[in-house]
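Novice: Please see the structure below; I have some questions.
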Amino acid sequence: MAQAFAEILDPSFLLFPAVLGSIVLGLVCPVVGGFLVLRRSVLLGLTLPQFAAAGAAFALFAHEVGLVPHPGHTSGDAHQIERTLAYGGSLLFTFAGMTLLALTDRGGGGRSETRLAVAYALAGSLMILFVAVHPFGDAAILGLVKGEAVVLSWREFAALSTVYAAVTACLVVFRRELLMASFDRDLTFLLKGGTFTWDLLFHLLAGVTIALGVMMAGPLLTFGLLVLPPIAARPLVSRMAPYFIVSSLAGAGIGLTGFAVAYRFDVPLGPAILTLGCALVLAAHALAGVLSHK
């Protein structure tokens with residue numbers, strides 16, 4: 001394994017941008033996911049990636065059947081155009097899903113778990129339907145929909161880093177307000193005049209993070225990086241700052257280690273990272289149990 005780490009961390013390594021991308025995803029997604037865990041909205045982290053994937057599938061389907069105009073381009077530009085359309089569709093459906101959930105929540109349409117379960121089923125079904133009705137079959141769009149961090153280019157890594165840096169900056173600058181809105185909505189109403197602004201800001205940041213993460217790494221890996229590191233960190237720390245720092249470092253650690261495992265044993269990257277994440281959760285809770293009995 002030491003040799004695998006040395007090889008993938010060599011800047012001349014062919015997949016070096018993907019290695020860095022896995023680390024960036026691991027650093028930032030757990031910070032956003034940490035707020036989801038604190039808000040008891042973990043299922044939202046599962047549902048929104050499905051909406052993002054459905055949006056990417058819809059955008060590519062619409063482009064292929066002519067609902068979206070085909071601009072003149074060379075064959076070398078075709079892939080980049082498809083990626084751009086997929087990003088746009090992913091963002092559109094993610095925010096549409098958030099809006100739908102917010103409206104049903106205000107309408108009091110049952111428990112949040114029930115709404116999220118229905119929304120997850122809807123998003124997953126839409127994605128499959130858009131893939132199924134694509135004129136050239138699923139092979140043409142499944143690669144973009146499922147996401148593959150291992151094929152990240154330098155351009156995509158730069159875009160990922162820029163957007164995620166902006167998201168992180170917003171989370172740091174407004175951390176007190178976002179934490180207050182997550183923990184004590186009544187106090188936020190008294191001190192800040194309501195929670196709407198901070199809920200909107202958080203959902204915008206979460207939407208951008210999830211939509212871009214799905215396009216770079218796929219819905220399953222994005223969900224895993226959102227929730228597994230914070231769940232692992234929660235029983236080990238009692239203060240907020242260490243909670244987010246440990247979550248972020250744990251995410252980066254499993255992102256890098258998962259890439260090394262996938263490279264060394266020639267296995268898919270996403271499952272390798274998520275398996276390590278689940279092992280980390282089990283180890284963290286076992287350690288917390290041991291410490292609590294001392």
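By convention here, the chains of the structure tokens are called A, B, ... in the order presented, each chain's residues are numbered starting at 1, and ligands are numbered starting at 1 in the order presented.
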Listing only residues of segment 208-251 of chain A within 9 Å of segment 159-172 of chain A, what is the closest atom pair and its distance in Å (to one decimal) for each, using only C-alpha atoms, sorted by chain and residue number ascending, as a Markdown table?
Specialist:
| residue | atom | partner | partner_atom | distance |
| --- | --- | --- | --- | --- |
| A:Val208 | CA | A:Val163 | CA | 8.1 |
| A:Thr209 | CA | A:Tyr164 | CA | 6.9 |
| A:Leu212 | CA | A:Leu160 | CA | 7.3 |
| A:Gly213 | CA | A:Leu160 | CA | 8.2 |
| A:Met216 | CA | A:Leu160 | CA | 8.2 |
Novice: I'd like a table as CSV: residues in segment 152-268 of chain A with an atom no more than 8 Å from segment 22-32 of chain A, each row giving the shortest atom pair and its distance in Å to one decimal, only C-alpha atoms counted, sorted by chain and rising residue number.
Specialist:
residue,atom,partner,partner_atom,distance
A:Leu160,CA,A:Val24,CA,8.0
A:Ser161,CA,A:Val24,CA,6.9
A:Tyr164,CA,A:Val28,CA,6.6
A:Thr168,CA,A:Val28,CA,6.8
A:Leu205,CA,A:Val32,CA,8.0
A:Ala206,CA,A:Val32,CA,6.2
A:Thr209,CA,A:Cys29,CA,7.0
A:Ile210,CA,A:Cys29,CA,8.0
A:Gly213,CA,A:Leu25,CA,7.1
A:Thr222,CA,A:Cys29,CA,7.4
A:Leu225,CA,A:Cys29,CA,5.8
A:Leu226,CA,A:Pro30,CA,4.6
A:Val227,CA,A:Pro30,CA,6.3
A:Leu228,CA,A:Pro30,CA,7.7
A:Pro229,CA,A:Pro30,CA,5.9
A:Pro230,CA,A:Pro30,CA,6.0
A:Phe244,CA,A:Val31,CA,5.8
A:Ser247,CA,A:Pro30,CA,5.7
A:Ser248,CA,A:Leu27,CA,4.5
A:Leu249,CA,A:Leu27,CA,6.2
A:Ala250,CA,A:Gly26,CA,7.6
A:Gly251,CA,A:Gly26,CA,4.0
A:Ala252,CA,A:Gly26,CA,4.1
A:Gly253,CA,A:Gly26,CA,7.4
A:Ile254,CA,A:Gly26,CA,7.3
A:Gly255,CA,A:Ser22,CA,5.2
A:Leu256,CA,A:Ile23,CA,5.8
A:Phe259,CA,A:Ser22,CA,7.6
Novice: Export C-alpha atoms of the chosen residues as a PDB file, in the first residue's frame?
Specialist:
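Here's the written file part.pdb:
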ATOM      1  CA  LEU A 160     -14.529  21.772  -8.550  1.00  0.00           C
ATOM      2  CA  SER A 161     -11.892  23.476  -6.383  1.00  0.00           C
ATOM      3  CA  TYR A 164     -16.041  24.224  -3.312  1.00  0.00           C
ATOM      4  CA  THR A 168     -16.464  26.535   2.263  1.00  0.00           C
ATOM      5  CA  LEU A 205     -24.782  25.894  -0.741  1.00  0.00           C
ATOM      6  CA  ALA A 206     -25.869  22.280  -0.276  1.00  0.00           C
ATOM      7  CA  THR A 209     -22.163  21.076  -3.533  1.00  0.00           C
ATOM      8  CA  ILE A 210     -24.363  18.085  -4.255  1.00  0.00           C
ATOM      9  CA  GLY A 213     -20.380  16.335  -6.586  1.00  0.00           C
ATOM     10  CA  THR A 222     -21.531  12.009  -3.005  1.00  0.00           C
ATOM     11  CA  LEU A 225     -18.985  11.565   1.582  1.00  0.00           C
ATOM     12  CA  LEU A 226     -21.752  13.854   2.823  1.00  0.00           C
ATOM     13  CA  VAL A 227     -22.840  11.723   5.757  1.00  0.00           C
ATOM     14  CA  LEU A 228     -20.317   9.006   6.677  1.00  0.00           C
ATOM     15  CA  PRO A 229     -17.483  11.242   7.991  1.00  0.00           C
ATOM     16  CA  PRO A 230     -19.830  13.407  10.133  1.00  0.00           C
ATOM     17  CA  PHE A 244     -16.426  19.865  11.421  1.00  0.00           C
ATOM     18  CA  SER A 247     -15.345  15.283   9.645  1.00  0.00           C
ATOM     19  CA  SER A 248     -13.450  17.107   6.899  1.00  0.00           C
ATOM     20  CA  LEU A 249     -10.129  15.420   7.616  1.00  0.00           C
ATOM     21  CA  ALA A 250     -11.825  12.019   7.841  1.00  0.00           C
ATOM     22  CA  GLY A 251     -13.465  12.606   4.457  1.00  0.00           C
ATOM     23  CA  ALA A 252     -10.155  13.598   2.864  1.00  0.00           C
ATOM     24  CA  GLY A 253      -8.500  10.584   4.467  1.00  0.00           C
ATOM     25  CA  ILE A 254     -10.974   8.036   3.132  1.00  0.00           C
ATOM     26  CA  GLY A 255     -10.948   9.794  -0.266  1.00  0.00           C
ATOM     27  CA  LEU A 256      -7.177   9.448  -0.573  1.00  0.00           C
ATOM     28  CA  PHE A 259      -8.119   5.912  -4.263  1.00  0.00           C
TER      29      PHE A 259
END
Novice: Compare A:Val131, A:Ala272, A:Tyr263, A:Ala286 by their minimum atom-to-atom distance to Gln3 of chain A, counting only C-alpha atoms, and give me the closest one.
Specialist: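 Closest to Gln3 of chain A, using only C-alpha atoms: A:Tyr263.
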Novice: Just the residues within 9 Å of Leu46 of chain A, please, counting only C-alpha atoms, with nothing from its chain fewer than 6 positions along; format it as a PyMOL selection string.
Specialist: chain A and resi 116+120+219-220+222-224+226
Novice: So the first atom is atom CA of Thr99 of chain A and the second is atom CA of His203 of chain A; what is the distance between them in Å, to one decimal place?
Specialist: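 According to the coordinates, atom CA of Thr99 of chain A and atom CA of His203 of chain A are separated by 9.6 Å.
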Novice: Contacts of Ala283 of chain A at 10 Å or less, counting only C-alpha atoms, minus same-chain residues fewer than 6 places along, as a short mmCIF file (atom, residue, chain, number, x, y, z; two decimals) with N, CA and C atoms, in the first residue's frame?
Specialist:
data_model
loop_
_atom_site.label_atom_id
_atom_site.label_comp_id
_atom_site.auth_asym_id
_atom_site.auth_seq_id
_atom_site.Cartn_x
_atom_site.Cartn_y
_atom_site.Cartn_z
N ALA A 232 -19.24 9.48 11.69
CA ALA A 232 -18.10 8.92 12.41
C ALA A 232 -17.55 9.90 13.44
N GLY A 277 -15.37 4.30 4.44
CA GLY A 277 -16.19 5.20 5.25
C GLY A 277 -17.06 4.45 6.25
N GLY A 289 -17.67 3.85 22.40
CA GLY A 289 -18.23 2.97 23.42
C GLY A 289 -17.19 2.55 24.44
#
Novice: Quick one: residues within 7 Å of Val214 of chain A, only C-alpha atoms, excluding same-chain residues fewer than 6 positions away - as a list in words?
Specialist: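 Once the nearby chain positions are removed, what remains is Pro49, Ala52, Ala53, Gly147 and Thr222 of chain A.
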Novice: Selection from above, N, CA and C atoms, as a CSV table (one decimal), in the first residue's frame, can you write it?
Specialist:
chain,number,residue,atom,x,y,z
A,49,PRO,N,-29.0,14.0,-4.2
A,49,PRO,CA,-28.1,13.5,-5.3
A,49,PRO,C,-28.9,12.7,-6.4
A,52,ALA,N,-30.2,15.3,-8.6
A,52,ALA,CA,-29.1,15.8,-9.5
A,52,ALA,C,-28.8,14.9,-10.6
A,53,ALA,N,-28.8,13.6,-10.3
A,53,ALA,CA,-28.6,12.6,-11.4
A,53,ALA,C,-29.7,12.6,-12.4
A,147,GLY,N,-21.2,9.4,-12.8
A,147,GLY,CA,-20.1,10.1,-12.3
A,147,GLY,C,-18.9,9.2,-12.1
A,222,THR,N,-21.3,10.7,-3.6
A,222,THR,CA,-21.5,12.0,-3.0
A,222,THR,C,-22.3,11.9,-1.7
Novice: Residues within 12 Å of Leu200 of chain A, please, as a PyMOL selection string. Count only C-alpha atoms; anything in the same chain fewer than 4 positions from it doesn't count.
Specialist: chain A and resi 95+98-99+102+177-178+181+194-196+204-207
Novice: Keeping only C-alpha atoms, write the selected residues as a CSV table (one decimal), in the first residue's frame.
Specialist:
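Saved as again23.csv:
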chain,number,residue,atom,x,y,z
A,95,PHE,CA,-33.0,23.2,-6.7
A,98,MET,CA,-35.4,21.4,-2.7
A,99,THR,CA,-38.3,23.7,-3.7
A,102,ALA,CA,-39.9,23.0,1.1
A,177,GLU,CA,-26.0,31.8,11.9
A,178,LEU,CA,-26.2,28.5,10.2
A,181,ALA,CA,-30.7,28.0,12.6
A,194,GLY,CA,-36.3,34.4,11.2
A,195,THR,CA,-34.6,31.4,9.8
A,196,PHE,CA,-35.7,31.7,6.1
A,204,LEU,CA,-28.2,26.9,-2.0
A,205,LEU,CA,-24.8,25.9,-0.7
A,206,ALA,CA,-25.9,22.3,-0.3
A,207,GLY,CA,-27.5,22.2,-3.7
Novice: Rounded to one decimal in Å, what is the spacing between atom CA of Gly55 of chain A and atom CA of Ala86 of chain A?
Specialist: 7.2 Å
Novice: Using only C-alpha atoms, which residue out of A:Val237, A:Thr47, A:Ala123, A:Leu221 lies closest to Ile273 of chain A?
Specialist: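 The shortest atom-to-atom distance to Ile273 of chain A comes from A:Leu221.
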Novice: Suppose you want the space between atom CA of Ala211 of chain A and atom CA of Leu91 of chain A; what is it in Å?
Specialist: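 According to the coordinates, atom CA of Ala211 of chain A and atom CA of Leu91 of chain A are separated by 5.4 Å.
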Novice: At a cut-off of 8 Å, using only C-alpha atoms, what residues contact Phe51 of chain A? Leave out same-chain residues fewer than 6 positions from it and give the result as a list in words.
Specialist: Ser90, Phe93, Thr94, Gly97, Tyr120, Ala123, Gly124 and Met127 of chain A
Novice: I need the residues from that last selection saved to file as a PDB file, in the first residue's frame (with N, CA and C atoms), if you can.
Specialist:
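selection26.pdb, written as the output of this step:
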ATOM      1  N   SER A  90     -28.333  19.164 -13.674  1.00  0.00           N
ATOM      2  CA  SER A  90     -28.141  18.707 -12.303  1.00  0.00           C
ATOM      3  C   SER A  90     -28.510  19.794 -11.301  1.00  0.00           C
ATOM      4  N   PHE A  93     -32.491  20.484 -11.388  1.00  0.00           N
ATOM      5  CA  PHE A  93     -33.309  19.486 -10.711  1.00  0.00           C
ATOM      6  C   PHE A  93     -33.037  19.465  -9.206  1.00  0.00           C
ATOM      7  N   THR A  94     -31.803  19.743  -8.809  1.00  0.00           N
ATOM      8  CA  THR A  94     -31.501  19.785  -7.376  1.00  0.00           C
ATOM      9  C   THR A  94     -32.299  20.879  -6.693  1.00  0.00           C
ATOM     10  N   GLY A  97     -35.979  20.051  -6.670  1.00  0.00           N
ATOM     11  CA  GLY A  97     -36.274  19.095  -5.609  1.00  0.00           C
ATOM     12  C   GLY A  97     -36.344  19.767  -4.252  1.00  0.00           C
ATOM     13  N   TYR A 120     -37.367  10.604  -3.063  1.00  0.00           N
ATOM     14  CA  TYR A 120     -36.281   9.722  -3.511  1.00  0.00           C
ATOM     15  C   TYR A 120     -36.780   8.765  -4.591  1.00  0.00           C
ATOM     16  N   ALA A 123     -37.322  10.782  -7.846  1.00  0.00           N
ATOM     17  CA  ALA A 123     -36.072  11.156  -8.518  1.00  0.00           C
ATOM     18  C   ALA A 123     -35.405   9.951  -9.166  1.00  0.00           C
ATOM     19  N   GLY A 124     -35.361   8.838  -8.437  1.00  0.00           N
ATOM     20  CA  GLY A 124     -34.758   7.637  -9.007  1.00  0.00           C
ATOM     21  C   GLY A 124     -35.512   7.132 -10.225  1.00  0.00           C
ATOM     22  N   MET A 127     -34.821   9.420 -13.281  1.00  0.00           N
ATOM     23  CA  MET A 127     -33.509   9.184 -13.870  1.00  0.00           C
ATOM     24  C   MET A 127     -33.536   7.956 -14.777  1.00  0.00           C
TER      25      MET A 127
END
Novice: Of the candidates A:Val118, A:Val19, A:Leu14, A:Met215, which shows the shortest atom-to-atom distance to Gly258 of chain A, using only C-alpha atoms?
Specialist: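 Ranking A:Val118, A:Val19, A:Leu14, A:Met215 by distance to Gly258 of chain A, first place goes to A:Val19.
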